Amino acid sequence: MAERPSSIPRLKNYTHFRFMLPTSHYDREKADRAVRFIEQLKHTKGKRAEKPFWLFPWKEQVIRDVFGIVDENGKRQFRTAFVEIGKKNGKSELAVAVALYLLYADGEPSAEVYGAAADR
């Protein structure tokens with residue numbers, strides 16, 4: 001694995017999403033697994049093509065919240081995530097990384113992942 005450039009900061013002092021249910025908990029191992037998988041991927045186009053997909057702190061926060069917060073049975077609390085950010089901030093690449101994780105690394109047999117886009 002390539003070494004993370006110093007220009008790309010890491011998430012420091014992760015604090016779970018404020019809407020975590022009292023019956024849920026943060027599973028660091030599950031969150032770390034999702035982050036590791038995504039950071040093994042490479043960008044597919046543009047000026048970062050073929051370079052490692054390093055997660056910026058805000059993206060890592062989203063991944064840790066979605067994949068690390070689990071209920072008492074160890075299943076993800078959040079099944080849907082709405083992420084709204086400005087143009088050219090890597091929404092599509094992040095969505096693809098999450099879709100790949102869900103398809104190949106999440107451990108769900110016959111996983112189905114859907115993507116949709118709307119215009120206005």
# chains A, B, ... in the order shown; residues from 1 in each chain; ligands from 1
>>> residues_around(residues="segment 4-13 of chain A", least_positions_apart="5", cutoff="7 Å", atoms="only C-alpha atoms", output="list in words")
Phe56, Pro57 and Glu60 of chain A
>>> select_by_dssp(residues="chain A", states="helix (DSSP H, G or I)", output="PyMOL selection string")
chain A and resi 28-39+46-48+57-68+91-104
>>> write_last_selection(atoms="C-alpha atoms", output="compact mmCIF listing (two decimals), in the first residue's frame")
# COMPACT_ATOMS: atom_id res chain seq x y z
CA ARG A 28 -14.30 0.36 15.44
CA GLU A 29 -13.28 -2.89 13.75
CA LYS A 30 -16.15 -2.69 11.25
CA ALA A 31 -15.45 0.99 10.57
CA ASP A 32 -11.71 0.35 10.14
CA ARG A 33 -12.45 -2.47 7.70
CA ALA A 34 -14.56 -0.19 5.47
CA VAL A 35 -11.95 2.60 5.59
CA ARG A 36 -9.13 0.16 4.74
CA PHE A 37 -11.06 -1.30 1.82
CA ILE A 38 -11.86 2.10 0.34
CA GLU A 39 -8.30 3.35 0.76
CA GLY A 46 -9.13 13.18 -13.80
CA LYS A 47 -5.89 14.55 -12.40
CA ARG A 48 -5.89 11.89 -9.64
CA PRO A 57 -11.46 13.62 7.21
CA TRP A 58 -15.05 14.47 6.27
CA LYS A 59 -15.30 11.42 4.01
CA GLU A 60 -13.79 9.15 6.66
CA GLN A 61 -16.32 10.54 9.16
CA VAL A 62 -19.18 9.54 6.84
CA ILE A 63 -17.74 6.04 6.29
CA ARG A 64 -17.17 5.48 10.01
CA ASP A 65 -20.68 6.67 10.86
CA VAL A 66 -22.38 4.50 8.23
CA PHE A 67 -20.36 1.30 8.67
CA GLY A 68 -19.23 1.55 12.29
CA LYS A 91 -19.28 12.58 -4.42
CA SER A 92 -19.37 10.13 -7.33
CA GLU A 93 -16.05 8.49 -6.48
CA LEU A 94 -17.11 8.13 -2.83
CA ALA A 95 -20.45 6.63 -3.88
CA VAL A 96 -18.68 4.13 -6.13
CA ALA A 97 -16.24 3.21 -3.35
CA VAL A 98 -19.16 2.56 -0.98
CA ALA A 99 -20.99 0.54 -3.66
CA LEU A 100 -17.89 -1.61 -4.24
CA TYR A 101 -17.51 -2.20 -0.52
CA LEU A 102 -21.16 -3.24 -0.23
CA LEU A 103 -20.89 -5.54 -3.26
CA TYR A 104 -17.57 -7.22 -2.46
>>> residues_around(residues="Gly74 of chain A", least_positions_apart="6", cutoff="9 Å", atoms="only C-alpha atoms", output="PyMOL selection string")
chain A and resi 24-25+27
>>> decode(residues="segment 91-117 of chain A", atoms="N, CA and C atoms", output="CSV table (one decimal), in the first residue's frame")
chain,number,residue,atom,x,y,z
A,91,LYS,N,-18.1,13.3,-4.8
A,91,LYS,CA,-19.3,12.6,-4.4
A,91,LYS,C,-19.4,11.3,-5.2
A,92,SER,N,-19.2,11.3,-6.5
A,92,SER,CA,-19.4,10.1,-7.3
A,92,SER,C,-18.3,9.1,-7.0
A,93,GLU,N,-17.1,9.5,-6.8
A,93,GLU,CA,-16.1,8.5,-6.5
A,93,GLU,C,-16.3,7.9,-5.1
A,94,LEU,N,-16.8,8.7,-4.2
A,94,LEU,CA,-17.1,8.1,-2.8
A,94,LEU,C,-18.3,7.2,-2.9
A,95,ALA,N,-19.3,7.5,-3.7
A,95,ALA,CA,-20.5,6.6,-3.9
A,95,ALA,C,-20.0,5.3,-4.5
A,96,VAL,N,-19.2,5.4,-5.5
A,96,VAL,CA,-18.7,4.1,-6.1
A,96,VAL,C,-17.9,3.3,-5.1
A,97,ALA,N,-17.0,3.9,-4.3
A,97,ALA,CA,-16.2,3.2,-3.3
A,97,ALA,C,-17.2,2.5,-2.4
A,98,VAL,N,-18.2,3.2,-1.9
A,98,VAL,CA,-19.2,2.6,-1.0
A,98,VAL,C,-19.9,1.4,-1.7
A,99,ALA,N,-20.3,1.6,-2.9
A,99,ALA,CA,-21.0,0.5,-3.7
A,99,ALA,C,-20.1,-0.7,-3.8
A,100,LEU,N,-18.8,-0.5,-4.1
A,100,LEU,CA,-17.9,-1.6,-4.2
A,100,LEU,C,-17.7,-2.3,-2.9
A,101,TYR,N,-17.6,-1.6,-1.8
A,101,TYR,CA,-17.5,-2.2,-0.5
A,101,TYR,C,-18.7,-3.1,-0.2
A,102,LEU,N,-19.9,-2.5,-0.5
A,102,LEU,CA,-21.2,-3.2,-0.2
A,102,LEU,C,-21.3,-4.5,-1.1
A,103,LEU,N,-20.8,-4.4,-2.3
A,103,LEU,CA,-20.9,-5.5,-3.3
A,103,LEU,C,-19.9,-6.6,-2.9
A,104,TYR,N,-18.7,-6.2,-2.6
A,104,TYR,CA,-17.6,-7.2,-2.5
A,104,TYR,C,-17.1,-7.5,-1.1
A,105,ALA,N,-17.2,-6.6,-0.1
A,105,ALA,CA,-16.5,-6.8,1.1
A,105,ALA,C,-17.4,-6.7,2.4
A,106,ASP,N,-18.7,-6.5,2.2
A,106,ASP,CA,-19.5,-6.3,3.3
A,106,ASP,C,-20.0,-7.7,3.9
A,107,GLY,N,-19.8,-8.7,3.1
A,107,GLY,CA,-20.2,-10.0,3.6
A,107,GLY,C,-21.7,-10.4,3.5
A,108,GLU,N,-22.4,-9.6,2.7
A,108,GLU,CA,-23.8,-10.0,2.5
A,108,GLU,C,-24.0,-10.8,1.3
A,109,PRO,N,-24.5,-12.0,1.4
A,109,PRO,CA,-24.6,-12.8,0.2
A,109,PRO,C,-25.6,-12.2,-0.8
A,110,SER,N,-25.4,-12.2,-2.1
A,110,SER,CA,-26.2,-11.7,-3.1
A,110,SER,C,-26.6,-10.3,-2.9
A,111,ALA,N,-25.7,-9.5,-2.5
A,111,ALA,CA,-25.9,-8.0,-2.2
A,111,ALA,C,-26.4,-7.3,-3.5
A,112,GLU,N,-27.4,-6.4,-3.3
A,112,GLU,CA,-27.9,-5.6,-4.4
A,112,GLU,C,-27.6,-4.2,-4.0
A,113,VAL,N,-27.0,-3.4,-4.9
A,113,VAL,CA,-26.6,-2.0,-4.7
A,113,VAL,C,-27.2,-1.3,-5.9
A,114,TYR,N,-27.9,-0.2,-5.6
A,114,TYR,CA,-28.5,0.6,-6.6
A,114,TYR,C,-27.9,2.0,-6.6
A,115,GLY,N,-27.8,2.6,-7.7
A,115,GLY,CA,-27.4,4.0,-7.8
A,115,GLY,C,-28.4,4.8,-8.7
A,116,ALA,N,-28.7,6.0,-8.3
A,116,ALA,CA,-29.6,6.8,-9.1
A,116,ALA,C,-29.2,8.3,-9.0
A,117,ALA,N,-29.5,9.0,-10.0
A,117,ALA,CA,-29.1,10.4,-10.1
A,117,ALA,C,-30.4,11.2,-10.5
